[in-house]
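Take a look at the structure set out below.
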Amino acid sequence: MDGAVVIVDQTALPHELRRLRLTDVDGLVDGIRRLAVRGAPALGAAGALGVLLAVRQGRREGWTDDEVVNAIDRIRSARPTAVNLAWGVDRVASRLDEGDDAVEREARAVLEEDAAANLAIACRGADLLLELCARAPGRDDAGEALGLRLHTHCNAGALACVEWGTALGVVRALHERGAVARVYADETRPLLQGSRLTAWELDRMGADYRLVIDGAAPSLIARGLVDAVVVGADRIAANGDVANKIGTYPLGLAAHRAGVPFVVAAPESTVDPATPEGSRIEIEDRGRDEVVAWHGRSVAPAGARAINPAFDVTPADLVTAIVTEHRIVRPAAGERPA
């Protein structure tokens, strides 16, 4: 760690691959809030490393124990919906009484375990989708690619995790098996994580993909162009309700109506037993500026008001399967993840 948390600044993509070296709690909290680092597993890792960062800054600047705890609480509450952030903070903070070395070991363990979990999720999810969907890898008589036509939303790739990714990790695993015909990636308004981040990852992967405006996504599913929807999650309630980036719920509705699988790929740390159902999940509202302006230029009348929820909740009965590093849960069939 060398005294700093180093992240890819996701706000600079796709035009620039820029890394930020964060050396204090203020910088990390700012990076989390402005989405320089985002994605549930990545936030868990950032929270874990943030505890170590706060401890080291406290030693350097002579903070009291209470000041260290307050700094850790600021990191924990920087974004409310994704449970992984609080999970990562709490896991490492539980070692504070054991000394700095124990805190560092636990923070590094979170990163190592997340990388392994992502790979396990990717392989298990790929196997499941090949089981659920009828289209096989290969090419037809005209040379057109067969395989799966997958639809995803927001960004749940390596940028959102520690290596591999969750939902996009499943896509990558299938792509490496020659089992992907095409990926439909929603733009994901208003901050365009799909077109800026997911498209960037798919391009580097060499996958055949198409960007889709969010409003058109359910129509593609209805037209029979999609074999399965695979998305990540920011929090999974005990009953199987899934909070994910705003725009996920319409995909769940469309997939259910069309009879295609709706699969959620997420680590076990995203399952929150303390949240009984989706209605209890706090939905972050990011304010009007992201909606009424783009790169500082107004795209709406002066004084226009906006509603800007960052997440929505897909009910459990629309979720075909939740794939974690350890198991497959089928909420639509009545199974509960917690």
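Every chain in the structure tokens has a letter given in the order shown (A, B, ...), and although residue numbers restart at 1 in each chain, ligands are simply numbered from 1 in the order shown.
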
Closest pair table for segment 262-306 of chain A residues within 12 Å of segment 159-183 of chain A, only C-alpha atoms, as JSON lines:
{"residue": "A:Phe262", "atom": "CA", "partner": "A:Ala167", "partner_atom": "CA", "distance": 11.3}
{"residue": "A:Val263", "atom": "CA", "partner": "A:Ala167", "partner_atom": "CA", "distance": 8.5}
{"residue": "A:Val264", "atom": "CA", "partner": "A:Ala167", "partner_atom": "CA", "distance": 7.1}
{"residue": "A:Ala265", "atom": "CA", "partner": "A:Ala167", "partner_atom": "CA", "distance": 5.1}
{"residue": "A:Ala266", "atom": "CA", "partner": "A:Thr166", "partner_atom": "CA", "distance": 5.8}
{"residue": "A:Pro267", "atom": "CA", "partner": "A:Thr166", "partner_atom": "CA", "distance": 7.7}
{"residue": "A:Glu268", "atom": "CA", "partner": "A:Thr166", "partner_atom": "CA", "distance": 11.4}
{"residue": "A:Thr270", "atom": "CA", "partner": "A:Thr166", "partner_atom": "CA", "distance": 11.4}

For the residues in that selection, give me C-alpha atoms as a PDB file, in the first residue's frame.
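Below you can see result.pdb, which holds the result:
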ATOM      1  CA  PHE A 262     -32.506 -12.574 -15.053  1.00  0.00           C
ATOM      2  CA  VAL A 263     -29.281 -13.411 -13.210  1.00  0.00           C
ATOM      3  CA  VAL A 264     -27.581 -11.363 -10.496  1.00  0.00           C
ATOM      4  CA  ALA A 265     -23.843 -11.908  -9.971  1.00  0.00           C
ATOM      5  CA  ALA A 266     -22.480 -10.602  -6.674  1.00  0.00           C
ATOM      6  CA  PRO A 267     -20.186 -11.647  -3.817  1.00  0.00           C
ATOM      7  CA  GLU A 268     -21.547 -12.961  -0.542  1.00  0.00           C
ATOM      8  CA  THR A 270     -23.411  -7.991  -0.924  1.00  0.00           C
TER       9      THR A 270
END

Taking the backbone alone, and naming residues the way the document does, which bits of segment 199-250 of chain A are strand (DSSP E or B) by DSSP, as a count of residues only? 15

Skip Arg286 of chain A itself and residues of its chain fewer than 4 positions away, then list as a list in words all residues within 7 Å of it, counting only C-alpha atoms. Asn308, Pro309 and Ala310 of chain A

Out of segment 160-332 of chain A, which residues get alpha helix (DSSP H) from DSSP, as number ranges by chain? A: 167-176, 193, 199-205, 217-222, 248-258, 289-292

So that I have them on file, write out the residues from the current selection with N, CA and C atoms, as an mmCIF file, in the first residue's frame.
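Result written to again30.cif:
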data_model
loop_
_atom_site.group_PDB
_atom_site.id
_atom_site.type_symbol
_atom_site.label_atom_id
_atom_site.label_comp_id
_atom_site.auth_asym_id
_atom_site.auth_seq_id
_atom_site.Cartn_x
_atom_site.Cartn_y
_atom_site.Cartn_z
ATOM 1 N N ALA A 167 -20.861 -9.371 -12.780
ATOM 2 C CA ALA A 167 -21.686 -9.631 -13.967
ATOM 3 C C ALA A 167 -20.840 -9.632 -15.236
ATOM 4 N N LEU A 168 -19.966 -8.653 -15.380
ATOM 5 C CA LEU A 168 -19.127 -8.620 -16.581
ATOM 6 C C LEU A 168 -18.043 -9.683 -16.506
ATOM 7 N N GLY A 169 -17.720 -10.143 -15.312
ATOM 8 C CA GLY A 169 -16.829 -11.292 -15.179
ATOM 9 C C GLY A 169 -17.463 -12.547 -15.742
ATOM 10 N N VAL A 170 -18.783 -12.708 -15.548
ATOM 11 C CA VAL A 170 -19.505 -13.828 -16.152
ATOM 12 C C VAL A 170 -19.440 -13.731 -17.670
ATOM 13 N N VAL A 171 -19.658 -12.525 -18.184
ATOM 14 C CA VAL A 171 -19.558 -12.309 -19.637
ATOM 15 C C VAL A 171 -18.161 -12.662 -20.130
ATOM 16 N N ARG A 172 -17.152 -12.232 -19.404
ATOM 17 C CA ARG A 172 -15.771 -12.515 -19.806
ATOM 18 C C ARG A 172 -15.493 -14.009 -19.829
ATOM 19 N N ALA A 173 -15.969 -14.721 -18.795
ATOM 20 C CA ALA A 173 -15.754 -16.168 -18.752
ATOM 21 C C ALA A 173 -16.432 -16.854 -19.936
ATOM 22 N N LEU A 174 -17.631 -16.430 -20.273
ATOM 23 C CA LEU A 174 -18.330 -17.004 -21.430
ATOM 24 C C LEU A 174 -17.630 -16.632 -22.732
ATOM 25 N N HIS A 175 -17.165 -15.404 -22.820
ATOM 26 C CA HIS A 175 -16.447 -14.956 -24.026
ATOM 27 C C HIS A 175 -15.191 -15.792 -24.243
ATOM 28 N N GLU A 176 -14.473 -16.082 -23.174
ATOM 29 C CA GLU A 176 -13.246 -16.871 -23.307
ATOM 30 C C GLU A 176 -13.537 -18.316 -23.682
ATOM 31 N N GLN A 193 -22.197 5.104 -17.019
ATOM 32 C CA GLN A 193 -21.211 4.090 -16.642
ATOM 33 C C GLN A 193 -21.141 2.962 -17.671
ATOM 34 N N ALA A 199 -18.438 -0.435 -21.909
ATOM 35 C CA ALA A 199 -18.011 -0.508 -23.311
ATOM 36 C C ALA A 199 -16.490 -0.533 -23.415
ATOM 37 N N TRP A 200 -15.818 0.217 -22.566
ATOM 38 C CA TRP A 200 -14.348 0.229 -22.546
ATOM 39 C C TRP A 200 -13.816 -1.156 -22.208
ATOM 40 N N GLU A 201 -14.424 -1.808 -21.214
ATOM 41 C CA GLU A 201 -13.972 -3.151 -20.843
ATOM 42 C C GLU A 201 -14.305 -4.174 -21.929
ATOM 43 N N LEU A 202 -15.500 -4.084 -22.512
ATOM 44 C CA LEU A 202 -15.873 -5.021 -23.577
ATOM 45 C C LEU A 202 -14.975 -4.851 -24.789
ATOM 46 N N ASP A 203 -14.610 -3.617 -25.087
ATOM 47 C CA ASP A 203 -13.717 -3.353 -26.214
ATOM 48 C C ASP A 203 -12.362 -3.999 -25.982
ATOM 49 N N ARG A 204 -11.820 -3.861 -24.781
ATOM 50 C CA ARG A 204 -10.533 -4.479 -24.460
ATOM 51 C C ARG A 204 -10.632 -5.996 -24.434
ATOM 52 N N MET A 205 -11.820 -6.492 -24.117
ATOM 53 C CA MET A 205 -12.062 -7.930 -24.085
ATOM 54 C C MET A 205 -12.137 -8.526 -25.496
ATOM 55 N N ALA A 217 -33.884 -0.557 -23.734
ATOM 56 C CA ALA A 217 -33.434 -1.870 -23.287
ATOM 57 C C ALA A 217 -34.568 -2.885 -23.139
ATOM 58 N N PRO A 218 -35.669 -2.554 -22.462
ATOM 59 C CA PRO A 218 -36.741 -3.553 -22.352
ATOM 60 C C PRO A 218 -37.306 -3.970 -23.705
ATOM 61 N N SER A 219 -37.311 -3.052 -24.669
ATOM 62 C CA SER A 219 -37.842 -3.387 -25.993
ATOM 63 C C SER A 219 -36.982 -4.425 -26.694
ATOM 64 N N LEU A 220 -35.664 -4.360 -26.510
ATOM 65 C CA LEU A 220 -34.794 -5.371 -27.120
ATOM 66 C C LEU A 220 -35.118 -6.757 -26.567
ATOM 67 N N ILE A 221 -35.352 -6.808 -25.276
ATOM 68 C CA ILE A 221 -35.706 -8.086 -24.660
ATOM 69 C C ILE A 221 -37.046 -8.573 -25.200
ATOM 70 N N ALA A 222 -38.008 -7.662 -25.309
ATOM 71 C CA ALA A 222 -39.334 -8.027 -25.801
ATOM 72 C C ALA A 222 -39.292 -8.525 -27.241
ATOM 73 N N THR A 248 -32.260 -1.020 -13.549
ATOM 74 C CA THR A 248 -32.201 -2.478 -13.496
ATOM 75 C C THR A 248 -33.603 -3.081 -13.411
ATOM 76 N N TYR A 249 -34.465 -2.478 -12.611
ATOM 77 C CA TYR A 249 -35.817 -3.006 -12.420
ATOM 78 C C TYR A 249 -36.571 -3.187 -13.744
ATOM 79 N N PRO A 250 -36.543 -2.216 -14.678
ATOM 80 C CA PRO A 250 -37.226 -2.446 -15.959
ATOM 81 C C PRO A 250 -36.696 -3.664 -16.721
ATOM 82 N N LEU A 251 -35.403 -3.948 -16.588
ATOM 83 C CA LEU A 251 -34.856 -5.151 -17.220
ATOM 84 C C LEU A 251 -35.437 -6.406 -16.587
ATOM 85 N N GLY A 252 -35.602 -6.381 -15.258
ATOM 86 C CA GLY A 252 -36.202 -7.517 -14.580
ATOM 87 C C GLY A 252 -37.637 -7.750 -15.034
ATOM 88 N N LEU A 253 -38.403 -6.671 -15.166
ATOM 89 C CA LEU A 253 -39.782 -6.788 -15.645
ATOM 90 C C LEU A 253 -39.826 -7.348 -17.061
ATOM 91 N N ALA A 254 -38.976 -6.797 -17.932
ATOM 92 C CA ALA A 254 -38.974 -7.230 -19.332
ATOM 93 C C ALA A 254 -38.533 -8.684 -19.460
ATOM 94 N N ALA A 255 -37.511 -9.064 -18.695
ATOM 95 C CA ALA A 255 -37.026 -10.447 -18.755
ATOM 96 C C ALA A 255 -38.106 -11.420 -18.284
ATOM 97 N N HIS A 256 -38.799 -11.042 -17.210
ATOM 98 C CA HIS A 256 -39.870 -11.898 -16.696
ATOM 99 C C HIS A 256 -40.971 -12.075 -17.740
ATOM 100 N N ARG A 257 -41.366 -10.972 -18.374
ATOM 101 C CA ARG A 257 -42.428 -11.035 -19.383
ATOM 102 C C ARG A 257 -42.002 -11.869 -20.587
ATOM 103 N N ALA A 258 -40.718 -11.762 -20.956
ATOM 104 C CA ALA A 258 -40.218 -12.476 -22.138
ATOM 105 C C ALA A 258 -39.811 -13.912 -21.824
ATOM 106 N N ASP A 289 -27.980 18.113 -10.176
ATOM 107 C CA ASP A 289 -26.943 18.577 -11.098
ATOM 108 C C ASP A 289 -26.588 17.546 -12.157
ATOM 109 N N GLU A 290 -26.585 16.240 -11.792
ATOM 110 C CA GLU A 290 -26.233 15.209 -12.769
ATOM 111 C C GLU A 290 -27.288 15.068 -13.859
ATOM 112 N N VAL A 291 -28.500 15.546 -13.600
ATOM 113 C CA VAL A 291 -29.606 15.399 -14.538
ATOM 114 C C VAL A 291 -29.765 16.627 -15.430
ATOM 115 N N VAL A 292 -29.655 17.796 -14.858
ATOM 116 C CA VAL A 292 -29.965 19.021 -15.602
ATOM 117 C C VAL A 292 -28.745 19.619 -16.309
#

Using only C-alpha atoms, the best pick from A:Lys245, A:Arg297, A:Arg223, A:Arg33 as closest to Arg74 of chain A would be A:Arg33

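Counting only C-alpha atoms, the residue from A:Arg56, A:His153, A:Arg336, A:Arg196 that sits nearest to Ala233 of chain A is A:His153.
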
Point out the residue among A:Asp285, A:Asp186, A:Asp73, A:Asp227 with the least atom-to-atom distance to Ile213 of chain A, counting only C-alpha atoms. A:Asp186

What's the 9 Å shell around segment 82-90 of chain A, counting only C-alpha atoms, without same-chain residues fewer than 6 positions away, as a PDB file with C-alpha atoms, in the first residue's frame?
ATOM      1  CA  GLY A  39     -18.933  -0.643  -7.884  1.00  0.00           C
ATOM      2  CA  ALA A  40     -19.982  -2.608  -4.812  1.00  0.00           C
ATOM      3  CA  PRO A  41     -16.940  -4.924  -4.477  1.00  0.00           C
ATOM      4  CA  ALA A  42     -14.526  -2.067  -5.243  1.00  0.00           C
ATOM      5  CA  LEU A  43     -16.208   0.008  -2.556  1.00  0.00           C
ATOM      6  CA  GLY A  44     -15.727  -2.867  -0.122  1.00  0.00           C
ATOM      7  CA  ALA A  45     -12.029  -2.913  -0.955  1.00  0.00           C
ATOM      8  CA  ALA A  46     -11.830   0.875  -0.694  1.00  0.00           C
ATOM      9  CA  GLY A  47     -13.517   0.741   2.702  1.00  0.00           C
ATOM     10  CA  ALA A  48     -11.114  -1.930   3.922  1.00  0.00           C
ATOM     11  CA  LEU A  49      -8.071   0.014   2.766  1.00  0.00           C
ATOM     12  CA  GLY A  50      -9.642   3.217   4.062  1.00  0.00           C
ATOM     13  CA  VAL A  51      -9.480   1.950   7.642  1.00  0.00           C
ATOM     14  CA  ILE A  72     -13.465   5.675   9.714  1.00  0.00           C
ATOM     15  CA  ASP A  73     -17.175   6.510  10.187  1.00  0.00           C
ATOM     16  CA  ILE A  75     -15.591   6.535   5.046  1.00  0.00           C
ATOM     17  CA  ARG A  76     -18.293   4.063   6.064  1.00  0.00           C
ATOM     18  CA  ALA A 107      -7.250  -5.084   4.604  1.00  0.00           C
ATOM     19  CA  VAL A 110     -10.180  -8.385   1.722  1.00  0.00           C
ATOM     20  CA  ALA A 233     -25.873  -5.731  -7.197  1.00  0.00           C
ATOM     21  CA  ASP A 234     -25.150  -3.118  -4.573  1.00  0.00           C
ATOM     22  CA  ARG A 235     -27.203  -4.756  -1.842  1.00  0.00           C
ATOM     23  CA  ILE A 236     -29.237  -7.968  -1.700  1.00  0.00           C
ATOM     24  CA  ALA A 243     -30.748  -3.117  -5.240  1.00  0.00           C
ATOM     25  CA  ASN A 244     -28.681  -2.163  -8.272  1.00  0.00           C
ATOM     26  CA  SER A 269     -20.596  -9.637   1.063  1.00  0.00           C
ATOM     27  CA  THR A 270     -23.411  -7.991  -0.924  1.00  0.00           C
ATOM     28  CA  VAL A 271     -26.038 -10.141   0.798  1.00  0.00           C
ATOM     29  CA  ASP A 272     -27.320  -8.186   3.793  1.00  0.00           C
TER      30      ASP A 272
END
